[in-house]
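Student: Here's a structure for you.
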Amino acid sequence: MNGGNSNLKLLKKSLCTTTVHFKEQPLSPPLTSLQCGKILQSLTNTKSFPKGQKLHALMVTSGNLLNNTYLSTKLAAFYANCGRMAQAQVIFDGILLKNSFLWNFMIRGYACNECSLKALVLYREMLSFGQKADNFTYPFVLKACGDLLLVETGRRVHSEVVVIGLESDIYVANALLAMYSKFGDMGLARMLFDRMLERDLISWNTMISGYVKNNNLRKALEVFEEMGKAGLKADGTTLLGILSACAELLALKLGKEIHAYVVRKSGEIRNEFLTNSLIEMYCNCKSLAYSRRLFDGVKLKDTVSWNSMIRGYEQNGDAFESLRLFCRMVMEGAEVDEVTIITILGACDQINALQFGMSVHSCLVKKGFGANIIVGTALIDMYSKCGSLSCSRRVFDEIPRKNLVAWSAMISGYGAHGRGEEAISCYHELIANNFTPDEGVLTSVLSACSHAGLVNEGKHIFNRMTIEYNVKPGLAHYSCLVDLLGRAGHVDEAYELIKTMEVKPSSDIWAALLSACRLHKNVKLAEVSAQKVFEMHPKGVGSYICLSNIYASEKRWDDVERVRAMVRSKGLKKPPGCSFVEVDKMVHRFLVGDKSHPQTHDVYAKLKELNLRLTEAGYKPDTTSVFYDVEEEVKEKMLWDHSERLAIAFALINTGPGTTIRITKNLRVCNDCHTVTKMISELMNREIIMRDIHRFHHFRHGFCSCGDYW
C-alpha cells in the first residue's frame with residue numbers, strides 16, 4: 001500500500017475501470033474524503049468487496065485515511081457488512097471516537113457471521129463506553145442471544161428493551177419473536193405477537209416458521225389462516241414455512257392449494273427454494289407422480305432438487321428408481337453431497353444392493369466424506385443390512401470419534417444377524433469407553449438379546465437401565481422385552497408385563513405378543529392380543545394375517561374365513577412375497593410365482609433340478625406354512641415357487657461356484673423355505689445370506705445361524 005506514484009496511478013486506473021463513479025474522473029487530483037465516503041457507502045450497500053479493497057488501497061496511498069474518523073468509520077462498516085470481521089475489527093480498534101453507527105455495524109457484522117458471543121461482548125462494551133443502544137442495535141443483540149440459546153441473557157436484554165420503550169418498535173418486536181422461537185417458547189412469542197400494535201409480513205413469517213421449527217405444525221397453519229384474514233399476501237418465505245408444515249402433516253390438499261397459488265402468482269413470488277419444497281411436500285405425501293413432474297420441469301436442477309427426489313423414492317420404498325436417479329445425477333455432473341450419499345446408502349440396504357453400496361463407499365471416500373460421522377454411521381447400517389457384518393465392523397473401527405448413534409448402529413447390526421453375544425460385548429465396550437447408554441443404545445441391545453434368545457441378559461439390562469443410567473423404560477424398551485420373553489416361550493410372563501407396564505401399551509407391543517402366540521400356538525392369548533392391535537391399528541394388515549394363520553394351523557377354517565372377510569371389508573391387502581438378489585451390481589426382483597423375468601425358463605428349470613436333488617437327499621415338504629384348506633399336493637406346489645427360491649435359483653445360474661448369495665425378502669421366511677435353503681447351502685456348497693422382515697439367516701453347510709430360532 002505504500003508504493004510510489006506509479007502504483008497510485010495504477011490503483012486509480014483500476015478503480016476507474018471497475019465503478020461507474022470513476023469513469024468521468026481524472027486521475028489527478030486525488031479523490032476527496034467526501035467522494036471516498038459516498039463511494040464507500042455505495043460499495044457497502046452492494047457488498048462489492050473487491051472494489052472496496054481497491055478503494056481502501058487508494059485512500060491509504062493518497063493519505064485520505066490518515067486521522068480521518070469519518071472515512072475510517074465508513075471503511076469499518078464496509079468490511080463488517082461484507083462479513084470480513086477481522087479487517088473491520090482492526091480498523092474499529094484504531095478509531096478513538098466511535099459513534100453508535102459504527103457500534104451497530106460491528107455488532108450486526110458479528111451477529112450475522114456466526115460470532116454471536118463477540119456481538120454480545122461488543123454490546124456490553126458499547127454500553128460501558130456510554131453509548132446508548134437503539135432500535136438498530138437490539139435486533140442483532142437479540143439475534144445473538146437466540147442463536148446461542150442464552151435464555152436468561154435474552155430475557156435481560158428484553159427487559160432493557162421494555163425500560164427504554166422500544167418494545168413497540170416493529171424491528172425490535174420481530175427480533176423478540178425470532179429469539180423466543182429459537183428458545184422454543186412459542187407461548188411467550190405468541191403473547192408478544194398478539195400485543196404488537198403493528199405487524200408486517202416478517203412478523204407473520206416469524207411466527208409461522210417458529211411454530212414449524214418447534215413442531216407445532218397445526219398452529220403454523222392457524223397463523224397462516226389468520227394472516228389471510230388480516231389481508232396480507234404470502235411471500236416465498238411464508239409459503240416455504242407452510243409447505244414444510246404440509247409435508248409433515250401429510251396435508252396434500254392444502255399443499256396442492258399452495259402449489260396452485262404459486263403458479264398463479266409466479267410473476268410476483270420469487271423464491272428459488274419453493275420448487276424444491278413443493279417436490280419434498282409431494283414426496284412426503286406419497287404423491288411421487290406430482291413430484292417427478294415438477295422435478296423434470298426444472299431446467300437447472302441443484303443438489304437439493306436431486307436429493308429431494310432421490311429421497312422421495314427411497315422413503316416411499318422405490319429403491320430401484322432412487323438408484324437410477326442417482327446414476328443419472330452423477331452422469332449429468334450434478335454435485336453430490338453428504339445428504340445424497342446417506343440417502344442412496346439407505347436405498348441400497350432396502351434391496352440388498354451390496355456391490356452398488358460398495359461403489360458409493362468408494363465415491364464418498366474420493367469426495368472426502370469419509371470423516372463425516374453421519375456418513376460413517378449410514379455405511380455401518382448399509383453394510384450390516386446388506387449382510388456384510390465384517391465390512392460394517394471395519395467402517396465402525398475406522399471412525400475416529402464415535403458417537404452414541406454409531407455405537408447403536410453397530411450393536412443393532414450384531415443383533416439383526418443373531419450375534420447377541422457380540423452385541424452385548426460391543427455394549428460393554430461402549431461403557432468402557434466412558435459413554436453413557438441412551439434410549440437408542442438400550443433399545444438396540446435389548447433387541448439383540450431378543451433375536452439371540454438371551455433372556456437373562458436382556459432382563460438384567462432392562463432392570464438396570466433406570467438405576468445405572470437414569471433412563472426410564474419407554475415403549476420401545478418394553479416392546480423389546482415382550483418380544484424377548486415371547487420368542488423364548490414365556491408368553492404368560494410377557495402378557496403379565498404388558499398388564500403392569502408404567503406406560504400405555506402400543507400396538508407394536510401387542511403385535512409382538514401376537515407373534516409369540518403364533519410361534520408357541522397360544523390361540524386364546526393370540527385372540528386377546530389381536531383384538532388390541534385391531535383397535536389401535538385397524539389398517540395394519542399384518543396382525544389380521546397372523547391371526548388368520550394361527551387359526552389355519554389349528555384347522556379352524558371358519559375363523560380363517562371370518563378374519564379374511566374382515567380384511568376384505570376394510571379394503572386391506574397383504575403385500576406379495578418379494579425377494580431381491582444382486583448380481584454384477586444389478587439388483588433383480590422376484591415375486592412369488594414370478595414368470596416375468598427374462599431368464600424365467602432357466603430359473604424354473606434350475607428349480608426343477610434342485611427339487612430332484614433335494615428329494616434324493618431326503619427332503620419332505622413342510623406344508624404347515626400353507627394356510628389354505630386345499631389338498632396336500634396343491635400345498636406342495638404352492639410352496640415351490642416362493643420368491644426366495646426363485647432368487648436362489650437365479651443366483652446359482654448367474655454366479656460362479658463358491659460365490660456367496662445374498663437375498664432380501666420383504667416377509668418372514670416360511671419353515672419350508674428355511675429348510676430348503678439349509679439343504680441347498682450344503683448340496684451346492686454355497687453360503688446363502690438371507691434377510692427377512694425379522695432378522696438375518698446365514699445358511700452354510702446345511703445349518704442356519706439362527707439355530708431355527710426366528
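Chain labels run A, B, ... following the order of the C-alpha cells; each chain numbers its residues from 1, and ligands are numbered from 1 in the order shown.
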Would you please give, as a PyMOL selection string, all residues of segment 550-587 of chain A that DSSP assigns to alpha helix (DSSP H) based on the backbone?
Tutor: chain A and resi 550-553+557-569
Student: For segment 143-147 of chain A, work out the shell of residues within 10 Å, counting only C-alpha atoms and skipping chain neighbours fewer than 3 positions away, then give it as JSON, numbers by chain.
Tutor: {"A": [107, 108, 110, 111, 112, 114, 115, 116, 117, 118, 119, 120, 138, 139, 140, 150, 151, 152, 153, 154, 155, 157, 175, 176, 177, 178, 179, 180, 181, 182, 183, 184]}
Student: Could you list, as a list in words, every residue within 8 Å of segment 624-639 of chain A, counting only C-alpha atoms and ignoring same-chain residues fewer than 5 positions away?
Tutor: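 Listed by chain and then number, they are Asn549, Ala552, Ser553, Trp557, Cys670, Asn671, Asp672 and Cys673 of chain A.
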Student: Would you export the selected residues with C-alpha atoms as a PDB file, in the first residue's frame, please?
Tutor:
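Once everything was written out, this is out.pdb:
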ATOM      1  CA  ASN A 549     -52.572 -68.140  10.092  1.00  0.00           C
ATOM      2  CA  ALA A 552     -55.354 -72.099   9.906  1.00  0.00           C
ATOM      3  CA  SER A 553     -52.649 -74.012  11.786  1.00  0.00           C
ATOM      4  CA  TRP A 557     -61.271 -72.718   8.689  1.00  0.00           C
ATOM      5  CA  CYS A 670     -41.509 -69.786   5.991  1.00  0.00           C
ATOM      6  CA  ASN A 671     -40.444 -73.020   7.692  1.00  0.00           C
ATOM      7  CA  ASP A 672     -40.231 -74.981   4.458  1.00  0.00           C
ATOM      8  CA  CYS A 673     -38.144 -72.364   2.606  1.00  0.00           C
TER       9      CYS A 673
END
Student: Within 9 Å of Leu43 of chain A, counting only C-alpha atoms, which residues qualify if same-chain residues fewer than 6 places away don't, as a PyMOL selection string?
Tutor: chain A and resi 49+51-52+78
Student: Find the residues around segment 440-455 of chain A up to 10 Å (only C-alpha atoms counted), leave out those fewer than 6 positions away in its own chain, and share them as JSON, numbers by chain.
Tutor: {"A": [404, 405, 406, 407, 408, 409, 410, 411, 412, 413, 414, 415, 416, 417, 418, 419, 420, 421, 422, 423, 424, 425, 426, 427, 430, 461, 462, 465, 469, 471, 473, 474, 475, 476, 477, 478, 479, 480, 481, 482, 483, 484, 485, 486, 487, 488, 489, 490, 694, 695, 696, 705, 706, 707, 709, 710]}
Student: Here is a test: counting only C-alpha atoms, which residue of A:His537, A:Glu527, A:Leu610, A:Val360 is nearest to Ser506 of chain A?
Tutor: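 Selected residue with least distance to Ser506 of chain A: A:His537.
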Student: Contacts of segment 285-289 of chain A at 8 Å or less, counting only C-alpha atoms, minus same-chain residues fewer than 6 places along, as a count of residues only?
Tutor: 7
Student: Here is a test: counting only C-alpha atoms, which residue of A:Asp641, A:Glu248, A:Glu468, A:Glu125 is nearest to Tyr282 of chain A?
Tutor: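 For Tyr282 of chain A, the nearest of the candidates is A:Glu248.
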Student: If we count only C-alpha atoms and set the cut-off at 9 Å, which residues sit around segment 60-77 of chain A, ignoring sequence neighbours fewer than 4 positions away in its own chain? Please answer as an MDAnalysis selection string.
Tutor: chainID A and resid 1:5 7:8 30:34 36:37 40:41 44 52 55:56 81:82 85 87:92 94:99 101:102 104:106 109
Student: Which residue, A:Ser244, A:Ser48, A:Ser388, A:Asn403, has the smallest gap to Met358 of chain A when you use only C-alpha atoms?
Tutor: A:Ser388
Student: If you measure from atom CA of Arg686 of chain A to atom CA of Thr659 of chain A, what distance in Å do you get, rounded to one decimal?
Tutor: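 Answer for the atom CA of Arg686 of chain A to atom CA of Thr659 of chain A separation: 6.7 Å.
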Student: So the first atom is atom CA of Cys391 of chain A and the second is atom CA of His588 of chain A; what is the distance between them in Å, to one decimal place?
Tutor: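 Interatomic distance here is 22.8 Å.
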Student: Quote the spacing between atom CA of Asn470 of chain A and atom CA of Asp508 of chain A in Å to one decimal place.
Tutor: 24.2 Å
Student: Taking only C-alpha atoms into account, which of A:Thr46, A:Ser529, A:Asn205, A:Ser362 comes nearest Lys499 of chain A?
Tutor: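 Smallest separation from Lys499 of chain A among the options: A:Ser529.
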Student: Identify, with DSSP run on backbone atoms, the residues in segment 490-633 of chain A assigned to strand (DSSP E or B), and express the list as a list in words.
Tutor: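 Strand (DSSP E or B) assignments inside segment 490-633 of chain A correspond to Cys578, Ser579, Phe580, Val581, Glu582, Val583, Met586, Val587, His588, Arg589, Phe590 and Leu591 of chain A.
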Student: Could you save those same residues with N, CA and C atoms as a short mmCIF file (atom, residue, chain, number, x, y, z; two decimals), in the first residue's frame?
Tutor:
data_model
loop_
_atom_site.label_atom_id
_atom_site.label_comp_id
_atom_site.auth_asym_id
_atom_site.auth_seq_id
_atom_site.Cartn_x
_atom_site.Cartn_y
_atom_site.Cartn_z
N CYS A 578 -41.81 -60.97 -1.89
CA CYS A 578 -40.89 -60.36 -2.86
C CYS A 578 -39.46 -60.53 -2.36
N SER A 579 -38.57 -60.96 -3.24
CA SER A 579 -37.16 -61.14 -2.86
C SER A 579 -36.25 -60.44 -3.85
N PHE A 580 -35.13 -59.91 -3.33
CA PHE A 580 -34.14 -59.20 -4.14
C PHE A 580 -32.80 -59.93 -4.07
N VAL A 581 -32.13 -59.99 -5.22
CA VAL A 581 -30.78 -60.56 -5.25
C VAL A 581 -29.94 -59.72 -6.21
N GLU A 582 -28.68 -59.46 -5.84
CA GLU A 582 -27.80 -58.62 -6.66
C GLU A 582 -26.76 -59.48 -7.36
N VAL A 583 -26.65 -59.29 -8.67
CA VAL A 583 -25.64 -59.97 -9.47
C VAL A 583 -24.98 -58.93 -10.38
N MET A 586 -26.29 -55.40 -10.44
CA MET A 586 -27.67 -55.28 -10.93
C MET A 586 -28.57 -56.04 -9.95
N VAL A 587 -29.57 -55.33 -9.40
CA VAL A 587 -30.48 -55.96 -8.45
C VAL A 587 -31.69 -56.51 -9.20
N HIS A 588 -32.01 -57.78 -8.95
CA HIS A 588 -33.14 -58.45 -9.60
C HIS A 588 -34.22 -58.73 -8.57
N ARG A 589 -35.48 -58.51 -8.96
CA ARG A 589 -36.60 -58.70 -8.05
C ARG A 589 -37.47 -59.86 -8.53
N PHE A 590 -37.86 -60.69 -7.59
CA PHE A 590 -38.74 -61.82 -7.89
C PHE A 590 -39.94 -61.80 -6.95
N LEU A 591 -41.13 -61.95 -7.52
CA LEU A 591 -42.35 -62.10 -6.74
C LEU A 591 -42.68 -63.59 -6.62
#
